[in-house]
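Structure record follows, encoded as structure tokens.
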Amino acid sequence: MPATLFDKIWDPHVIADLGGGWSLLHCDRVLLHDLSGGRALQEIGESGYPVACPDLVFATPDHAVSSAPGRTADTFPKGGQLLAGLRRRAQETGIRLFDLGQDGNGIVHVMAPELGIVLPGTTLVCGDSHTCTNGGVGALAFGVGASELKHVLATQTLPQRKPRRMRIRFEGQAPPGVTPKDMILAAIGRFGAGAGTGHAVEYAGSAVRALSVEGRLTLCNLSIEMGAKIGMVAPDETTFQWLAGRDFAPRGAAWDAALGAWRALASDDDAAFERDLAIEMRDIAPQITWGTSPEHVIPVTGRTPDPATAANAEQRAAWEAALAYMGLEANAPIAGTRVDWVFIGSCTNSRLEDLRAAAAVLRGRKVAPHVTAWVVPGSERVKRAAQAEGLDTVFRAAGFSWREPGCALCVAANGEAVPPGARCVSTSNRNFVGRQGTGARTHLASPAMAAAAAITGAIADVRELAA
Amino acid sequence: MQKFTTVSGPAAPLLAANVDTDVIIPIQRLVGSGRTGLGPHAFERLRYREDGSENPDFVLNRPQYRGSPILLAGANFGCGSSREGAVWALMGMGFRAVLAPSFGDIFFNNCFQNGLLPVVLPERAIRRIAAETEAAQGAGHTTVDLLRQVVVTPAGEEIPFAVDPRKREALLEGFDDIALTLRLRDRIAAWQAADRAARAWAWEPVRR
């Protein structure tokens with residue numbers, strides 16, 4: 001029977017049929033971070049459960065660590081306490097921890113693919129909704145809450161119901177200035193923030209095949225902003241070349257065996273999807289969000305919506321509230337809106353290609369005097385690679401603060417925040433009310449668009465700044 | 001986990017779509033905090049003004065909805081972050097059931113883990129309950145009955161709802177999921193042994 005990529009990973013991972021549509025699913029990898037990892041280990045220990053398979057669990061601090069240059073664990077003291085707990089319990093239970101400043105440390109969804117911890121055909125869970133990012137290498141990866149995380153640590157399994165399957169095909173060539181971030185924001189804008197609820201989404205089509213692994217990770221990262229806790233891209237030669245030689249990737253005969261298995265993972269031509277959607281690349285322009293949901297997104301050449309044209313009373317109220325929170329007029333051009341902050345980073349857009357794309361716009365230019373601009377590399381390895389090719393110098397020369405790896409201003413859990421009322425163009429994933437700090441106003445965009453906003457001092461069309 | 005059988009009281013309406021878990025509980029409240037004590041911080045960015053006083057315009061601050069055990073919500077309620085603190089905060093505020101047209105997937109699972117019952121109802125049913133509650137000026141009570149799988153509106157109409165049988169049983173009995181799964185310990189071990197033979201490449205971290 002024809003099967004999708006999703007089914008080809010899900011089905012062999014079912015240990016037991018629990019009845020009523022429930023399966024006991026094996027979790028090949030578990031990732032822990034500082035915000036919830038130490039507590040989860042503490043709580044299962046208190047309940048008398050040992051960690052089932054510590055070799056399959058990997059930990060890294062990212063959420064509550066300062067990104068300040070020269071930071072230590074205690075630069076943000078509350079985060080330092082969380083990290084101390086994670087260190088102690090990881091050591092007690094034999095879990096590998098990639099600590100601050102060490103090779104391998106970084107945002108959990110940046111370091112896991114980077115180290116080859118996550119592989120095609122594997123299942124992976126983490127107590128973080130952006131775990132879907134890891135689907136970019138062809139894995140089945142999803143976020144869980146604190147209770148499900150404890151269950152996985154204690155059993156290496158999780159009872160789950162099989163989601164429905166959705167496919168989004170991106171066809172054609174990317175127009176100038178259109179990046180993977182623009183592709184997924186455009187999809188969320190078109191289909192809605194709840195379109196993927198209850199589904200595992202596969203991204204396919206010629207434009208996805210043409211993407212690098214880093215681009216595919218960005219694409220999958222925002223699946224949860226469309227409501228889908230799973231997003232994936234079929235692994236191919238691009239994936240295999242990217243993974244070869246990574247720290248935890250198989251080697252020798254094991255690599256050859258893996259390749260054989262991975263080459264069979266792609267969805268069969270006649271596999272069925274409950275929802276099958278398509279977007280033509282020529283219809284996508286560089287995107288920017290205007291409101292407080294990722295579905296509040298428009299092309300940078302567009303205008304804010306007019307609540308008078310809303311489909312119903314709820315949408316009108318939502319648009320009015322979002323415009324008020326964001327301090328924007330209805331039916332006004334978004335380009336030219338003055339910006340106070342720019343943040344380049346997060347598990348969405350903090351990889352080497354992202355930093356290169358931003359640096360290409362910044363080279364030889366200066367950040368507008370009224371803008372505070374930060375770049376936070378996604379991992380220690382990204383930071384070192386960027387420094388080795390001089391990107392840090394480009395950012396610094398332009399007026400950016402070059403910082404230490406972590407989630408930083410994406411989630412503002414580390415004592416750093418965009419000030420109340422300030423407007424920030426951000427390469428992160430959520431423009432929710434208060435996400436980047438109480439009263440902070442977030443506009444999501446690609447790294448190149450964020451760089452364009454930094455030098456213009458306002459929301460700007462990166463295509464008009466081309467070098 | 002708290003057991004759930006039936007809950008009755010005024011149903012508080014918060015009908016906007018896409019209410020995310022960041023709005024339900026800001027991350028700053030979860031850094032170094034436990035599962036308890038989050039109630040006062042639930043919806044804090046909507047609930048309080050800048051000076052810390054209550055915002056009288058926020059619906060959950062209205063006298064008739066204080067301490068409501070049932071929340072009426074819009075589509076995609078609980079979208080966004082996987083933080084289970086969103087559930088702890090709602091329960092800390094007194095809620096035991098949330099009625100919405102749809103929920104964020106991770107939030108939906110997190111609810112069951114703690115004894116907060118998420119009920120999927122058509123939008124028009126939720127609007128009707130909100131209207132009946134409002135018309136009764138706080139005297140109208142809604143009942144969510146998990147045993148019979150019905151919501152009884154303030155006007156007395158019964159609306160049946162679907163709930164996953166496994167989750168229903170877990171809520172009624174207050175099961176510990178981990179203990180249930182560990183009864184299958186031998187099958188898990190057998191699956192892993194077979195998988196290590198068949199997919200040695202997937203077990204590389206065990207060797208390094």
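Residues are referred to by chain and number: the chain letter is A, B, ... according to the order shown in the structure tokens, the number counts from 1 in that chain, and ligands are numbered separately from 1 in the order shown.
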Against range 88-108 of chain B, which residues of range 140-165 of chain B fall within 10 Å? For each one I want the closest pair of atoms and the distance in Å (one decimal), counting only C-alpha atoms, rows by chain and increasing residue number, as CSV.
```
residue,atom,partner,partner_atom,distance
B:Thr143,CA,B:Ala97,CA,9.8
B:Val144,CA,B:Ala97,CA,7.5
B:Val151,CA,B:Leu99,CA,9.4
```
- Query: Quick one: DSSP strand (DSSP E or B) residues in range 15-138 of chain B, as a PyMOL selection string?
  - Reply: chain B and resi 20+48+54+70-73+77+79+97-100+103+117-120
I need the residues from that last selection saved to file as a tab-separated table (two decimals), in the first residue's frame (with C-alpha atoms), if you can.
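File written: out_26.tsv
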```tsv
chain	number	residue	atom	x	y	z
B	20	ASP	CA	-1.89	31.39	22.80
B	48	TYR	CA	-4.05	43.68	35.15
B	54	GLU	CA	-7.16	44.83	37.91
B	70	ILE	CA	-15.71	26.56	33.01
B	71	LEU	CA	-14.03	28.64	30.32
B	72	LEU	CA	-15.72	29.27	26.96
B	73	ALA	CA	-13.02	29.88	24.36
B	77	PHE	CA	-7.29	27.90	22.06
B	79	CYS	CA	-1.92	27.39	20.45
B	97	ALA	CA	-13.04	22.54	31.88
B	98	VAL	CA	-12.47	24.54	28.68
B	99	LEU	CA	-15.06	24.50	25.89
B	100	ALA	CA	-13.76	25.57	22.47
B	103	PHE	CA	-7.49	23.51	20.59
B	117	LEU	CA	-11.10	18.72	30.60
B	118	PRO	CA	-10.92	20.22	27.07
B	119	VAL	CA	-14.25	19.82	25.28
B	120	VAL	CA	-14.63	20.42	21.56
```
- Task: Within 8 Å of Leu465 in chain A, counting only C-alpha atoms, which residues show up once you throw out same-chain ones fewer than 4 positions away? Write them as a ChimeraX atom specification, please.
- Result: /A:361,452,461
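Counting only C-alpha atoms, Ile344 in chain A has the following residues at most 8 Å away, ignoring those fewer than 3 positions along the same chain: Asn349, Ser350, Leu355, Trp374, Val375, Val376, Ser426, Thr427, Ser428, Pro447 and Ala450 of chain A.
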- Message: Set the cut-off to 7 Å and count only C-alpha atoms: what are the residues of chain A that reach chain B? Output as an NGL selection string.
- Response: :A and (15 or 35 or 55-56 or 78 or 82 or 127-129 or 143-147 or 151 or 155 or 194 or 197-198 or 224-225 or 227 or 229 or 248 or 250 or 254-255 or 258 or 314 or 318 or 413 or 433 or 435)
Since we have the selection now, will you write its residues out, keeping C-alpha atoms, as a PDB file, in the first residue's frame?
```
ATOM      1  CA  ILE A  15       5.476  -0.915  19.994  1.00  0.00           C
ATOM      2  CA  LEU A  35      13.793  25.530  31.390  1.00  0.00           C
ATOM      3  CA  ASP A  55      22.264   7.323  26.111  1.00  0.00           C
ATOM      4  CA  LEU A  56      19.374   8.495  23.925  1.00  0.00           C
ATOM      5  CA  LYS A  78      17.297  32.470  37.981  1.00  0.00           C
ATOM      6  CA  LEU A  82      17.874  26.050  36.547  1.00  0.00           C
ATOM      7  CA  GLY A 127       9.623  19.713  25.916  1.00  0.00           C
ATOM      8  CA  ASP A 128       9.435  22.537  23.421  1.00  0.00           C
ATOM      9  CA  SER A 129       6.896  23.172  20.684  1.00  0.00           C
ATOM     10  CA  GLY A 143       7.045  18.952  21.155  1.00  0.00           C
ATOM     11  CA  VAL A 144       5.486  17.709  24.387  1.00  0.00           C
ATOM     12  CA  GLY A 145       4.492  19.208  27.726  1.00  0.00           C
ATOM     13  CA  ALA A 146       6.069  18.523  31.110  1.00  0.00           C
ATOM     14  CA  SER A 147       4.004  15.413  31.881  1.00  0.00           C
ATOM     15  CA  HIS A 151       6.702   9.782  30.540  1.00  0.00           C
ATOM     16  CA  THR A 155       9.784   4.734  29.454  1.00  0.00           C
ATOM     17  CA  GLY A 194      -4.991  26.616  13.004  1.00  0.00           C
ATOM     18  CA  THR A 197      -4.151  21.273  13.916  1.00  0.00           C
ATOM     19  CA  GLY A 198      -4.331  17.508  14.236  1.00  0.00           C
ATOM     20  CA  ILE A 224       3.530  24.705  15.043  1.00  0.00           C
ATOM     21  CA  GLU A 225       2.565  28.303  14.157  1.00  0.00           C
ATOM     22  CA  GLY A 227      -1.128  24.444  14.359  1.00  0.00           C
ATOM     23  CA  LYS A 229       3.073  19.824  15.969  1.00  0.00           C
ATOM     24  CA  PHE A 248      26.478  11.247  16.300  1.00  0.00           C
ATOM     25  CA  PRO A 250      26.467   6.629  11.904  1.00  0.00           C
ATOM     26  CA  ALA A 254      26.243   1.597   9.822  1.00  0.00           C
ATOM     27  CA  TRP A 255      26.200   4.659   7.542  1.00  0.00           C
ATOM     28  CA  ALA A 258      21.302   3.907   7.226  1.00  0.00           C
ATOM     29  CA  GLU A 314     -14.595  38.011  16.009  1.00  0.00           C
ATOM     30  CA  ALA A 318      -9.094  40.428  16.725  1.00  0.00           C
ATOM     31  CA  ALA A 413      12.977  33.979  29.483  1.00  0.00           C
ATOM     32  CA  VAL A 433       1.345  39.688  22.791  1.00  0.00           C
ATOM     33  CA  ARG A 435       6.331  37.352  23.708  1.00  0.00           C
TER      34      ARG A 435
END
```
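Take the candidates A:Pro405, A:Gly48, A:Ala422, A:Ser293 and check each one against Lys150 in chain A using only C-alpha atoms; the shortest distance goes to A:Gly48.
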- Residue neighbourhood Val152 in chain B, 6 Å, only C-alpha atoms, exclusion window fewer than 2 positions, as JSON, numbers by chain: {"B": [142, 143, 156, 157, 158]}
- Task: Write out as a list of chain:residue names which residues come within 10 Å of Ala357 in chain A when counting only C-alpha atoms, dropping same-chain ones fewer than 4 positions away.
- Result: A:Thr179, A:Leu352, A:Glu353, A:Val361, A:Leu362, A:Ser446, A:Pro447, A:Ala448, A:Met449, A:Ala451
- Task: Name the residues of range 82-239 of chain A that come out as helix (DSSP H, G or I) in a backbone DSSP run; write them as number ranges by chain.
- Result: A: 82-93, 108-114, 129-137, 146-155, 180-191, 206-209, 213-226, 237-239
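Across the structure, CA of Leu25 in chain A and CA of Trp10 in chain A are spaced 7.7 Å apart.
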- Item | Non-local contacts of range 208-222 of chain A (8 Å; only C-alpha atoms; under 4 positions in same chain excluded) as number ranges by chain | A: 130-137, 169-171, 179-181, 183-185, 203-204, 226, 230-233, 238-239, 242, 347-349, 351, 353, 429
For the residues in the current selection, export C-alpha atoms as a PDB file, in the first residue's frame.
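Everything below was put into selection.pdb:
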```pdb
ATOM      1  CA  HIS A 130       9.535  24.032  18.078  1.00  0.00           C
ATOM      2  CA  THR A 131      10.804  20.449  18.149  1.00  0.00           C
ATOM      3  CA  CYS A 132       9.064  20.237  14.756  1.00  0.00           C
ATOM      4  CA  THR A 133      12.162  22.037  13.407  1.00  0.00           C
ATOM      5  CA  ASN A 134      14.041  18.722  13.458  1.00  0.00           C
ATOM      6  CA  GLY A 135      11.662  17.333  10.828  1.00  0.00           C
ATOM      7  CA  GLY A 136      13.798  19.230   8.320  1.00  0.00           C
ATOM      8  CA  VAL A 137      16.203  16.274   8.167  1.00  0.00           C
ATOM      9  CA  ARG A 169       3.834  21.677  -2.090  1.00  0.00           C
ATOM     10  CA  PHE A 170       5.878  24.746  -2.987  1.00  0.00           C
ATOM     11  CA  GLU A 171       6.384  24.757  -6.733  1.00  0.00           C
ATOM     12  CA  THR A 179      13.615  32.792   1.701  1.00  0.00           C
ATOM     13  CA  PRO A 180      12.297  29.691   3.501  1.00  0.00           C
ATOM     14  CA  LYS A 181      10.972  32.010   6.235  1.00  0.00           C
ATOM     15  CA  MET A 183       7.607  30.542   2.243  1.00  0.00           C
ATOM     16  CA  ILE A 184       6.282  29.307   5.565  1.00  0.00           C
ATOM     17  CA  LEU A 185       4.937  32.697   6.678  1.00  0.00           C
ATOM     18  CA  TYR A 203       6.609  20.067   2.817  1.00  0.00           C
ATOM     19  CA  ALA A 204       7.298  19.011  -0.746  1.00  0.00           C
ATOM     20  CA  MET A 226       0.195  26.734  11.620  1.00  0.00           C
ATOM     21  CA  ILE A 230       4.895  17.799  13.277  1.00  0.00           C
ATOM     22  CA  GLY A 231       6.501  19.183  10.109  1.00  0.00           C
ATOM     23  CA  MET A 232       8.828  17.215   7.850  1.00  0.00           C
ATOM     24  CA  VAL A 233      10.767  17.170   4.600  1.00  0.00           C
ATOM     25  CA  THR A 238      21.165  17.035   0.110  1.00  0.00           C
ATOM     26  CA  THR A 239      20.300  15.699   3.571  1.00  0.00           C
ATOM     27  CA  TRP A 242      24.856  17.438   5.086  1.00  0.00           C
ATOM     28  CA  CYS A 347      15.681  28.219  16.411  1.00  0.00           C
ATOM     29  CA  THR A 348      13.996  29.613  13.299  1.00  0.00           C
ATOM     30  CA  ASN A 349      16.792  31.685  11.801  1.00  0.00           C
ATOM     31  CA  ARG A 351      22.116  29.135  11.508  1.00  0.00           C
ATOM     32  CA  GLU A 353      23.197  30.581   6.232  1.00  0.00           C
ATOM     33  CA  ASN A 429       8.713  32.558  15.261  1.00  0.00           C
TER      34      ASN A 429
END
```
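Of the listed residues (B:Arg127, B:Ala12, B:Arg35, B:Thr5), B:Arg35 comes nearest to Glu43 in chain A; the distances count only C-alpha atoms.
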